[in-house]
Each structure stands twice: as C-alpha cells, then as structure tokens.
Amino acid sequence: MNRRKMMSAVAAVLAVVAVQPAMAQDFPARQVKIVVPYPAGGGVDGLARALTDRLGKIWNQTVIVENKGGAATMIGGESVARSAPDGYTLFLTSDSSITSNPFLFKKMTYDPIKELAPVTQLIDLHQMVVVNPSVPVNSLQELVAYAKANPDKLNYGSYGNGSQPHLLFATIQAKTGARIQQVPFRGIAPAITATLANDVQMTLGGAATTGAHTQAGKLKALAIGRKERLASFPNVPTLAEAGFGDADPRSWFGVFAPAGTPPAILNKISADIKKVLNEPEFKQRFIDSVGYTGVGNTPAEFAAFIKDDLAYKKNMIEKAGIQAE
C-alpha cells in the first residue's frame, strides 16, 4: 500500500512538472496587469509603461499598468502578493519595496521576500545628488560644510523613510554630523518639482528625471551613485570620488510575481523582458539615453542579487541610524 501511495505521489509530481512547460508556452492567454506602487510620472512608472507596450506586442495580449501607491509601496506589493500565482499580476518596483522596507518597518502587511517571487532585475538606477542653484555650493564636500555651518537651514525632498534620498542624506548626516531636514513627498517627481521651486533645497533623483534640469541650469548636480562617471555628465563626480561611496543607496528596478508562480512561467516572463531590454531602439531610448544600466537577469540570478542587497541595505540603514517605524 505504501509503495502504491509513493508511486502515485511521484506520478502526480511528474504530471505537474510536465504541465508547466505547456502552461508557459501558452502564457499569456489573457490580459496581464503590472502593478506600480508609485504615482504616475516617475521613473518607475515611465519604464513600466514603455515595457508594457513592448510586452503587449510580444505576447499579442493587452498589458496594463495599475498605479497603486501608498504605505511606502506596501499597498501595491500586498495586492500582488495576494494575487493568484499565475503570472497575470506582476509587481514592478524599486529596491525600497524589497530590500529596505523589511528593516524600516517593525510590522509589514506582507513579507516581500517570502511572498513575492523574483522575475528579473530591469535596471541599475544611477541617481544624482542635485541642489537648487540658490545653495552656494558646487560639491558634496562644500554642501556638508555649508550644512554644518547652517544647521537645520537646509531641507531635502524624499519620498518617505527608507527612500533613496533618505538613505543617502541620513548616511551623510551620520558620517559628518551635518544637519539637513527631511521633507517627504508622495514620489520622486514632486520632490524634484519642490527642489526646482526651492521649497526644498536638494534631493536625489535619477539622471532620467534630473538630467534635463541640470543641463538647463535649473539644478546643480553634485555627485552620482555610480562606479564610474556617466558619459552624458562627465563633470559630475561619483559618490566615491566625492568621499561618500558608503552613502550610495544602490538603486534598482525589478519585476516580481506572487510566490508560488510556476518556475516555467517566471522564466518565460524573464526571457521576454530581456528581449525587450535588448531591443536596440528600446535600449537607446529608455535605458542608455537616461543613464540607466540594463540588466535582464534570470529569476535565480535576481534572487541571488536580492540576497546580497538585503545585507547591503541592512548595514546601510543601521549605520545611518534609521529606526524602524
């Protein structure tokens, strides 16, 4: 009897394994939704919309973006984690949702590591420290000196605790003793708008969203989070060159599915996204020209990267003295 039960169990497992490739081959058979946990208009949303357009053509299906912001991206993340694990609801977000939030909140509405399955990392996002031209500094060292001489006079725009601007400026403050006040906004777009208007004096934003303002003289770029200088901004030093390599929040965007989604479907989505990222026109327009570095790794490779980034963010948050809410 036990032998028959064991053989039946093995047969059932083999049947599931045999069905998965067929499921992936037929995927998608209907509309796919990509949840973005930020307002429309920011870098995550812009890349998501460009990606959905290309995926819709590859899959011959409608692919839509649903902006579902709030609660430090947890509203959008939880909605995906609670969705059917079939690949039809995906999560496109930044590192904050996955590798920062677990150390910033004593209680989360879901566990992004256990309840989401990595699909692929889309890009490395190289962000620039930008200040309003009214601030009389031209380097990050000068900014620190000015902030120390004028404590609490300067403000920086963020999009909440654990956001990339918060991580960077909190690390700089912990390292130098400079006092710069955080002003949270609902996303990076309003934080940049506030910096342009001098409602806050600085923020951290991707080259895609701050570059044009910098070139127009409406913002000053003091440093960029990158291993080497960006070709389109050769005069902007890296954070490491400026003496603050440990303040780099290591920003990235990635795609996730609900945990339990069949590996064959995860691999298909990952492979199709990689095709999009490598399309010459897409790569030039939405990645290279805005200062991103495209990635497009496999689910297994992305999972390994996330494990490393979790340790990196944990160490950074602890050193910055950021307390969990």
# chains A, B, ... in the order shown; residues from 1 in each chain; ligands from 1

call {"tool": "residues_around", "arguments": {"residues": "segment 78-91 of chain A", "least_positions_apart": "4", "cutoff": "8 Å", "atoms": "only C-alpha atoms", "output": "list in words"}}
result
Pro28, Arg30, Gln31, Val32, Lys33, Ile34, Val35, Val36, Met74, Thr109, Tyr110, Pro112, Glu115, Leu116, Val255, Phe256, Ala257, Pro258, Ala259, Gly260, Thr261, Pro262, Ile265 and Leu266 of chain A

call {"tool": "residues_around", "arguments": {"residues": "Leu51 of chain A", "least_positions_apart": "4", "cutoff": "9 Å", "atoms": "only C-alpha atoms", "output": "PDB file with C-alpha atoms, in the first residue's frame"}}
result
ATOM      1  CA  GLY A  46       7.706  55.609 -17.121  1.00  0.00           C
ATOM      2  CA  LEU A  47       9.739  52.442 -17.590  1.00  0.00           C
ATOM      3  CA  LEU A  55       5.385  43.071 -23.974  1.00  0.00           C
ATOM      4  CA  GLY A  56       1.877  43.537 -25.354  1.00  0.00           C
ATOM      5  CA  ILE A 273      11.520  41.073 -20.721  1.00  0.00           C
ATOM      6  CA  VAL A 276      12.657  43.997 -24.717  1.00  0.00           C
ATOM      7  CA  LEU A 277      15.602  45.375 -22.752  1.00  0.00           C
ATOM      8  CA  PHE A 282      14.172  50.435 -26.586  1.00  0.00           C
TER       9      PHE A 282
END

call {"tool": "closest_residue", "arguments": {"among": "A:Leu104, A:Ala191, A:Val119, A:Ala40", "to": "Ser270 of chain A", "atoms": "only C-alpha atoms"}}
result
A:Val119

call {"tool": "select_by_dssp", "arguments": {"residues": "segment 92-205 of chain A", "states": "helix (DSSP H, G or I)", "output": "PyMOL selection string"}}
result
chain A and resi 95-104+112-115+140-149+164-176+188-196

call {"tool": "select_by_dssp", "arguments": {"residues": "segment 61-151 of chain A", "states": "strand (DSSP E)", "output": "list in words"}}
result
Val63, Ile64, Val65, Glu66, Asn67, Thr89, Leu90, Phe91, Leu92, Thr93, Ser94, Leu116, Ala117, Pro118, Val119, Thr120, Gln121, Leu122, Ile123, Asp124, Leu125, Gln127, Met128, Val129, Val130 and Val131 of chain A

call {"tool": "residues_around", "arguments": {"residues": "Pro37 of chain A", "least_positions_apart": "6", "cutoff": "6 Å", "atoms": "only C-alpha atoms", "output": "PyMOL selection string"}}
result
chain A and resi 67-69+73+76

call {"tool": "write_last_selection", "arguments": {"atoms": "N, CA and C atoms", "output": "CSV table (one decimal), in the first residue's frame"}}
result
chain,number,residue,atom,x,y,z
A,67,ASN,N,-1.4,51.9,-11.2
A,67,ASN,CA,-0.6,52.6,-10.2
A,67,ASN,C,-1.4,52.5,-8.9
A,68,LYS,N,-0.7,51.9,-7.9
A,68,LYS,CA,-1.4,51.6,-6.6
A,68,LYS,C,-0.4,52.0,-5.5
A,69,GLY,N,-0.3,53.3,-5.2
A,69,GLY,CA,0.7,53.8,-4.3
A,69,GLY,C,0.2,53.8,-2.9
A,73,THR,N,4.8,51.8,-0.5
A,73,THR,CA,4.7,50.8,-1.5
A,73,THR,C,4.0,49.5,-1.1
A,76,GLY,N,0.5,48.4,-2.9
A,76,GLY,CA,0.7,47.8,-4.2
A,76,GLY,C,1.4,46.4,-4.0

call {"tool": "closest_residue", "arguments": {"among": "A:Val44, A:Ala117, A:Ala174, A:Val200", "to": "Tyr156 of chain A", "atoms": "only C-alpha atoms"}}
result
A:Val200

call {"tool": "atom_distance", "arguments": {"atom1": "atom CA of Asn155 of chain A", "atom2": "atom CA of Thr238 of chain A"}}
result
22.1 Å

call {"tool": "closest_residue", "arguments": {"among": "A:Thr214, A:Ala48, A:Tyr38, A:Ser134", "to": "Tyr159 of chain A", "atoms": "only C-alpha atoms"}}
result
A:Tyr38

call {"tool": "closest_residue", "arguments": {"among": "A:Val135, A:Lys218, A:Ala178, A:Arg250", "to": "Gln201 of chain A", "atoms": "only C-alpha atoms"}}
result
A:Val135

call {"tool": "closest_residue", "arguments": {"among": "A:His166, A:His213, A:Lys175, A:Lys313", "to": "Thr193 of chain A", "atoms": "only C-alpha atoms"}}
result
A:His213

call {"tool": "closest_residue", "arguments": {"among": "A:Thr293, A:Gln25, A:Thr62, A:Thr171", "to": "Leu125 of chain A", "atoms": "only C-alpha atoms"}}
result
A:Thr293

call {"tool": "residues_around", "arguments": {"residues": "Ala207 of chain A", "least_positions_apart": "4", "cutoff": "8 Å", "atoms": "only C-alpha atoms", "output": "PyMOL selection string"}}
result
chain A and resi 126-128+211+290-292

call {"tool": "atom_distance", "arguments": {"atom1": "atom CA of Gly245 of chain A", "atom2": "atom CA of Glu228 of chain A"}}
result
11.4 Å
